[in-house]
Structure formats: C-alpha cells, structure tokens
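Single-structure report; data block below.
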Amino acid sequence: MDEQIKVVLVDDHSLCRRGLTELLTLRYNINVVGATAQVKELTQLLREHKPDLLVMDLRMEPLDGFGVLAHIRKENFDTPVVILTMSDSEADLATALRAGVRGYLLKDMAPDDVADAIRRVVAGEMVVAPAMTVKMIGILQHGQRGKEGKSSMSLLTEREREILQLLSRAESNKAIAQTLGISNDTVKQHVRHILTKLHLTSRVEAAVLYAVEQKGIEGR
C-alpha cells in the first residue's frame, strides 16, 4: 500500500471539519492529522505533523484564508496549500494563484473529485475545479500579455523555456539546477526573469500558464 497522505484541515465550521475528516479518512484512506479554525493551533499542527498538504477554506473569521496563508508563510512553513471554498469569484482565484496555492477547489464538487485532487496535488500537480478553469485561463492569459496585447511567451529565451517546462512539473530550484547543470542562484535569476517577462507574480502561475499554452499547441 502506498504511504498514507497526511492532511491538515482549516475551516471555521466545525461540522465541515468533522464531515470532511471522516470522509477523507474512512472512505479515501487520506490521513487527516488535524483540523482547526485557530491560527495558533494550525502552526502547532504543521510543526508537529509536517503534513503533505494543507486544505483550507477562504471565508473564515476572524482571519480569512489569505490571512492564514500569509501567516504560515511568514512562519516559514512551505506546506503546499489547497483552497476548498464556496467562492467561485475570479478575484479570489486570482489572489489564490498569486499567493502560490497548489489547488483551488469548490465545496460543491463530488467527494471523489476532491479526494482525487488532493492526491494529484501531493503528486506535484496544480489542480483547479473544472468550473473555475475558464476563469483561470482568462486570468493567466490576460496577465502575460504585453502592452500591444501579444503573448509575452515569445520573449523567453530557450533556457528560460527549459526552466519553465521544469517549473510546470513542480520541480524545485535545486532540482532544476541539478537537471540543467547550473547553479541554484542562476535558476533563481532565470525564474525572476520569466515572471517579469510574463507579467506574473508566482512560479505557480507560470507553471499553469505553460500547461495552458501546451494544451493549446496540442489542440491545433
């Protein structure tokens, strides 16, 4: 049997926490090692269990999901994050992508699809709810266009495109450096140039944009 995935849930509705915990644990063999609505308790859970994934709602009080995400990043936790929310807002999706989340799921998705998305994110993929796909493509394509409305992808050098391809596989800077035989600092510099040229703010956006472009090429 494959090693069990460890997940921490963050939601301010106790019924949702309890229901999702039982569903993932009993039906899908995904180990929910903790569920909370408190930031302080969340940091303790992350430190103690080192989960594979953090599944988090957006609409929470007193601190919303983006505030929670900012807090844990400030505390130097790099746990991949999936948003699970009722919000189908394009603005929320755009903010989530720019914050570097690995997935954006909706609470009205089928349980099988949520569990599958969790497994795919842990495996290194970027997953967005099907209902949000068109909005995601619009956000990314709009963000990477130049002043004349033309795609900025053509501005990338051959090396930058190689790095972008590796980013799309969720490769770390260290792994990219080893694959290409260059230094980690050189990779960082290339990633900065890629984001600047594509008018993006995160490597996740760049990875998704590359995947979108490749699908477009394959469909021609």
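Letters A, B, ... go to the chains of the structure tokens in the order shown; residues in each chain start at 1; ligands are counted from 1 in the same order.
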
Problem set entry | Residues within 7 Å of Tyr104 in chain A, only C-alpha atoms, excluding chain neighbours under 3 positions, as a list in words |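 Final neighbour list, sorted by chain and number: Val82, Ile83, Leu84, Val127, Val128 and Ala129 of chain A.
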
For this session: Using only C-alpha atoms, determine which residues lie at most 9 Å from Ser202 in chain A, disregarding the query and same-chain residues fewer than 3 positions distant; provide the list as a list in words.
Result: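 Non-adjacent residues within range: Leu97, Arg98, Ala99, Gly100, Leu195, Glu205, Ala206 and Ala207 of chain A.
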
Problem set entry | Pick from A:Thr196, A:Asn31, A:Thr85, A:Gln165 nearest to Arg119 in chain A, counting only C-alpha atoms |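 Smallest separation from Arg119 in chain A among the options: A:Asn31.
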
For this session: Within range 3-220 of chain A, find each residue whose DSSP state, derived from the backbone, is alpha helix (DSSP H), and express the selection as an MDAnalysis selection string.
Result: chainID A and resid 14:22 28 39:49 65:74 90:98 111:122 133:143 158:167 173:180 184:198 203:218

Exercise. Which polymer residues have any atom within 12 Å of an atom of Gln44 in chain A, counting only C-alpha atoms, with same-chain residues fewer than 3 positions away left out, as an MDAnalysis selection string?
Worked result: chainID A and resid 8 33:36 38:41 47:51 72 75 77

For this session: Determine, counting only C-alpha atoms, which protein, DNA and RNA residues have an atom within 12 Å of an atom of Leu69 in chain A; residues of the same chain fewer than 5 positions away are not included. Present the result as number ranges by chain.
Result: A: 10, 39, 42-43, 54-58, 63-64, 74-83, 95-96, 98-101

Filtering to N, CA and C atoms, could you give me those residues as a JSON list (two decimals), in the first residue's frame?
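Generated file (out.json):
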[["chain", "number", "residue", "atom", "x", "y", "z"],
["A", 10, "VAL", "N", -8.31, 23.36, 7.61],
["A", 10, "VAL", "CA", -8.59, 24.62, 8.28],
["A", 10, "VAL", "C", -9.94, 25.13, 7.79],
["A", 39, "VAL", "N", -5.39, 29.87, 14.17],
["A", 39, "VAL", "CA", -4.06, 30.00, 13.58],
["A", 39, "VAL", "C", -2.98, 29.43, 14.50],
["A", 42, "LEU", "N", -3.02, 25.81, 14.31],
["A", 42, "LEU", "CA", -2.55, 25.38, 12.99],
["A", 42, "LEU", "C", -1.03, 25.31, 12.95],
["A", 43, "THR", "N", -0.36, 26.32, 13.46],
["A", 43, "THR", "CA", 1.11, 26.31, 13.44],
["A", 43, "THR", "C", 1.65, 25.15, 14.25],
["A", 54, "LEU", "N", -2.08, 21.19, 3.14],
["A", 54, "LEU", "CA", -2.99, 21.97, 3.97],
["A", 54, "LEU", "C", -4.21, 22.30, 3.12],
["A", 55, "VAL", "N", -5.39, 21.85, 3.55],
["A", 55, "VAL", "CA", -6.64, 22.12, 2.85],
["A", 55, "VAL", "C", -7.41, 23.17, 3.64],
["A", 56, "MET", "N", -7.68, 24.32, 3.00],
["A", 56, "MET", "CA", -8.15, 25.48, 3.76],
["A", 56, "MET", "C", -9.31, 26.20, 3.08],
["A", 57, "ASP", "N", -10.26, 26.64, 3.89],
["A", 57, "ASP", "CA", -11.37, 27.46, 3.41],
["A", 57, "ASP", "C", -10.87, 28.89, 3.25],
["A", 58, "LEU", "N", -11.65, 29.72, 2.55],
["A", 58, "LEU", "CA", -11.31, 31.14, 2.39],
["A", 58, "LEU", "C", -12.11, 32.02, 3.33],
["A", 63, "LEU", "N", -9.78, 35.63, 10.90],
["A", 63, "LEU", "CA", -8.77, 35.77, 9.85],
["A", 63, "LEU", "C", -9.17, 34.91, 8.66],
["A", 64, "ASP", "N", -9.27, 35.54, 7.48],
["A", 64, "ASP", "CA", -9.68, 34.76, 6.30],
["A", 64, "ASP", "C", -8.53, 33.89, 5.80],
["A", 74, "LYS", "N", 4.88, 33.46, 6.66],
["A", 74, "LYS", "CA", 5.75, 34.31, 7.48],
["A", 74, "LYS", "C", 6.48, 33.48, 8.54],
["A", 75, "GLU", "N", 5.82, 32.41, 8.97],
["A", 75, "GLU", "CA", 6.42, 31.50, 9.95],
["A", 75, "GLU", "C", 7.31, 30.45, 9.29],
["A", 76, "ASN", "N", 7.51, 30.60, 7.98],
["A", 76, "ASN", "CA", 8.42, 29.74, 7.20],
["A", 76, "ASN", "C", 7.92, 28.30, 7.01],
["A", 77, "PHE", "N", 6.61, 28.11, 7.02],
["A", 77, "PHE", "CA", 6.05, 26.82, 6.64],
["A", 77, "PHE", "C", 5.80, 26.84, 5.13],
["A", 78, "ASP", "N", 6.35, 25.84, 4.42],
["A", 78, "ASP", "CA", 6.18, 25.80, 2.97],
["A", 78, "ASP", "C", 5.24, 24.68, 2.53],
["A", 79, "THR", "N", 4.38, 24.22, 3.44],
["A", 79, "THR", "CA", 3.42, 23.17, 3.14],
["A", 79, "THR", "C", 2.54, 23.58, 1.96],
["A", 80, "PRO", "N", 2.40, 22.72, 0.93],
["A", 80, "PRO", "CA", 1.50, 23.04, -0.18],
["A", 80, "PRO", "C", 0.08, 23.28, 0.32],
["A", 81, "VAL", "N", -0.61, 24.21, -0.32],
["A", 81, "VAL", "CA", -1.95, 24.60, 0.14],
["A", 81, "VAL", "C", -2.97, 24.41, -0.98],
["A", 82, "VAL", "N", -4.11, 23.83, -0.61],
["A", 82, "VAL", "CA", -5.26, 23.75, -1.50],
["A", 82, "VAL", "C", -6.41, 24.52, -0.86],
["A", 83, "ILE", "N", -7.04, 25.40, -1.64],
["A", 83, "ILE", "CA", -8.21, 26.12, -1.17],
["A", 83, "ILE", "C", -9.45, 25.27, -1.47],
["A", 95, "THR", "N", -6.22, 35.93, -6.64],
["A", 95, "THR", "CA", -5.44, 36.17, -5.43],
["A", 95, "THR", "C", -4.80, 34.87, -4.94],
["A", 96, "ALA", "N", -5.55, 33.78, -5.03],
["A", 96, "ALA", "CA", -5.03, 32.48, -4.59],
["A", 96, "ALA", "C", -3.84, 32.04, -5.45],
["A", 98, "ARG", "N", -1.83, 33.93, -7.14],
["A", 98, "ARG", "CA", -0.69, 34.81, -6.86],
["A", 98, "ARG", "C", -0.07, 34.52, -5.49],
["A", 99, "ALA", "N", -0.84, 33.92, -4.61],
["A", 99, "ALA", "CA", -0.32, 33.54, -3.29],
["A", 99, "ALA", "C", 0.41, 32.20, -3.35],
["A", 100, "GLY", "N", 0.36, 31.53, -4.51],
["A", 100, "GLY", "CA", 1.12, 30.30, -4.69],
["A", 100, "GLY", "C", 0.42, 29.03, -4.26],
["A", 101, "VAL", "N", -0.94, 29.04, -4.16],
["A", 101, "VAL", "CA", -1.63, 27.82, -3.77],
["A", 101, "VAL", "C", -1.49, 26.78, -4.88]]

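Comparing A:Leu198, A:Met153, A:Val208, A:Val121 by their smallest distance to Leu166 in chain A, the closest is A:Val208 (using only C-alpha atoms).
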
From a backbone DSSP assignment, name each residue in range 19-163 of chain A labelled strand (DSSP E), as a PDB file with N, CA and C atoms, in the first residue's frame.
ATOM      1  N   ASN A  31      -5.073  10.505   5.557  1.00  0.00           N
ATOM      2  CA  ASN A  31      -4.951  10.705   6.998  1.00  0.00           C
ATOM      3  C   ASN A  31      -5.050  12.183   7.375  1.00  0.00           C
ATOM      4  N   VAL A  32      -6.181  12.577   7.948  1.00  0.00           N
ATOM      5  CA  VAL A  32      -6.350  13.942   8.443  1.00  0.00           C
ATOM      6  C   VAL A  32      -5.737  13.996   9.842  1.00  0.00           C
ATOM      7  N   VAL A  33      -4.548  14.557   9.920  1.00  0.00           N
ATOM      8  CA  VAL A  33      -3.811  14.551  11.190  1.00  0.00           C
ATOM      9  C   VAL A  33      -4.226  15.688  12.109  1.00  0.00           C
ATOM     10  N   GLY A  34      -5.039  16.612  11.593  1.00  0.00           N
ATOM     11  CA  GLY A  34      -5.512  17.707  12.420  1.00  0.00           C
ATOM     12  C   GLY A  34      -6.511  18.558  11.670  1.00  0.00           C
ATOM     13  N   ALA A  35      -7.438  19.165  12.411  1.00  0.00           N
ATOM     14  CA  ALA A  35      -8.432  20.063  11.822  1.00  0.00           C
ATOM     15  C   ALA A  35      -8.701  21.174  12.821  1.00  0.00           C
ATOM     16  N   THR A  36      -8.657  22.415  12.356  1.00  0.00           N
ATOM     17  CA  THR A  36      -8.753  23.532  13.280  1.00  0.00           C
ATOM     18  C   THR A  36      -9.310  24.780  12.602  1.00  0.00           C
ATOM     19  N   LEU A  53      -0.069  18.239   2.930  1.00  0.00           N
ATOM     20  CA  LEU A  53      -0.965  19.225   2.333  1.00  0.00           C
ATOM     21  C   LEU A  53      -1.805  19.915   3.396  1.00  0.00           C
ATOM     22  N   LEU A  54      -2.075  21.194   3.139  1.00  0.00           N
ATOM     23  CA  LEU A  54      -2.987  21.971   3.972  1.00  0.00           C
ATOM     24  C   LEU A  54      -4.207  22.299   3.116  1.00  0.00           C
ATOM     25  N   VAL A  55      -5.390  21.852   3.551  1.00  0.00           N
ATOM     26  CA  VAL A  55      -6.644  22.123   2.845  1.00  0.00           C
ATOM     27  C   VAL A  55      -7.406  23.169   3.637  1.00  0.00           C
ATOM     28  N   MET A  56      -7.684  24.320   3.003  1.00  0.00           N
ATOM     29  CA  MET A  56      -8.150  25.481   3.759  1.00  0.00           C
ATOM     30  C   MET A  56      -9.311  26.199   3.076  1.00  0.00           C
ATOM     31  N   VAL A  81      -0.613  24.210  -0.315  1.00  0.00           N
ATOM     32  CA  VAL A  81      -1.953  24.599   0.138  1.00  0.00           C
ATOM     33  C   VAL A  81      -2.973  24.412  -0.976  1.00  0.00           C
ATOM     34  N   VAL A  82      -4.109  23.833  -0.610  1.00  0.00           N
ATOM     35  CA  VAL A  82      -5.262  23.748  -1.498  1.00  0.00           C
ATOM     36  C   VAL A  82      -6.414  24.516  -0.858  1.00  0.00           C
ATOM     37  N   ILE A  83      -7.035  25.396  -1.638  1.00  0.00           N
ATOM     38  CA  ILE A  83      -8.209  26.115  -1.167  1.00  0.00           C
ATOM     39  C   ILE A  83      -9.446  25.268  -1.470  1.00  0.00           C
ATOM     40  N   LEU A  84     -10.310  25.089  -0.463  1.00  0.00           N
ATOM     41  CA  LEU A  84     -11.584  24.401  -0.639  1.00  0.00           C
ATOM     42  C   LEU A  84     -12.665  25.346  -0.140  1.00  0.00           C
ATOM     43  N   THR A  85     -13.428  25.916  -1.059  1.00  0.00           N
ATOM     44  CA  THR A  85     -14.293  27.036  -0.722  1.00  0.00           C
ATOM     45  C   THR A  85     -15.602  27.007  -1.504  1.00  0.00           C
ATOM     46  N   GLY A 103      -3.855  24.386  -5.418  1.00  0.00           N
ATOM     47  CA  GLY A 103      -5.158  23.956  -5.905  1.00  0.00           C
ATOM     48  C   GLY A 103      -6.252  24.890  -5.451  1.00  0.00           C
ATOM     49  N   TYR A 104      -7.315  24.965  -6.248  1.00  0.00           N
ATOM     50  CA  TYR A 104      -8.484  25.785  -5.905  1.00  0.00           C
ATOM     51  C   TYR A 104      -9.716  24.933  -6.214  1.00  0.00           C
ATOM     52  N   LEU A 105     -10.351  24.422  -5.162  1.00  0.00           N
ATOM     53  CA  LEU A 105     -11.476  23.516  -5.298  1.00  0.00           C
ATOM     54  C   LEU A 105     -12.739  24.151  -4.720  1.00  0.00           C
ATOM     55  N   LEU A 106     -13.882  23.698  -5.205  1.00  0.00           N
ATOM     56  CA  LEU A 106     -15.168  24.207  -4.727  1.00  0.00           C
ATOM     57  C   LEU A 106     -15.862  23.149  -3.869  1.00  0.00           C
ATOM     58  N   VAL A 127      -4.096  21.813  -9.434  1.00  0.00           N
ATOM     59  CA  VAL A 127      -5.459  21.393  -9.729  1.00  0.00           C
ATOM     60  C   VAL A 127      -6.441  22.520  -9.428  1.00  0.00           C
ATOM     61  N   VAL A 128      -7.309  22.796 -10.392  1.00  0.00           N
ATOM     62  CA  VAL A 128      -8.348  23.813 -10.231  1.00  0.00           C
ATOM     63  C   VAL A 128      -9.687  23.177 -10.554  1.00  0.00           C
TER      64      VAL A 128
END

Problem set entry | Among listed residues A:Ala170, A:Leu156, A:Leu23, A:Ile137, nearest Ala110 in chain A (using only C-alpha atoms) |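 Of the candidates, the smallest distance to Ala110 in chain A is held by A:Leu23.
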
For this session: Do a neighbour search on Asp52 in chain A at 7 Å with only C-alpha atoms, toss out local chain neighbours closer than 4 positions, and write the hits as a PyMOL selection string.
Result: chain A and resi 5-7+79+122

Exercise. In Å to one decimal, how far is CA of Tyr210 in chain A from CA of Glu160 in chain A?
Worked result: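 Between these atoms lies a distance of 11.7 Å.
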
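Picture a line from CA of Leu180 in chain A to CA of Ala123 in chain A; it runs 22.1 Å.
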
For this session: Name the closest residue to Asn173 in chain A among the candidates A:Arg102, A:Arg203, A:Arg18, A:Lys188; distances are taken between atoms, counting only C-alpha atoms.
Result: A:Lys188

For this session: Take CA of Leu15 in chain A and CA of Lys135 in chain A and report the distance between them in Å, one decimal.
Result: 29.8 Å

Exercise. Could you name the residues that touch Ala211 in chain A at 10 Å or less, counting only C-alpha atoms, but leaving out those on the same chain fewer than 6 positions away, as number ranges by chain?
Worked result: A: 126, 164-165, 168-169, 205, 217

For the residues in that selection, give me C-alpha atoms as a JSON list (two decimals), in the first residue's frame.
[["chain", "number", "residue", "atom", "x", "y", "z"],
["A", 126, "MET", "CA", -1.69, 22.07, -9.93],
["A", 164, "LEU", "CA", 9.53, 27.00, -17.34],
["A", 165, "GLN", "CA", 8.90, 23.44, -18.52],
["A", 168, "SER", "CA", 5.37, 23.06, -14.77],
["A", 169, "ARG", "CA", 6.39, 19.71, -13.24],
["A", 205, "GLU", "CA", 1.08, 30.99, -12.27],
["A", 217, "ILE", "CA", -0.47, 23.80, -29.13]]

For this session: Point out the residue among A:Asp88, A:Val114, A:Thr157, A:Leu200 with the least atom-to-atom distance to Ala131 in chain A, counting only C-alpha atoms.
Result: A:Asp88
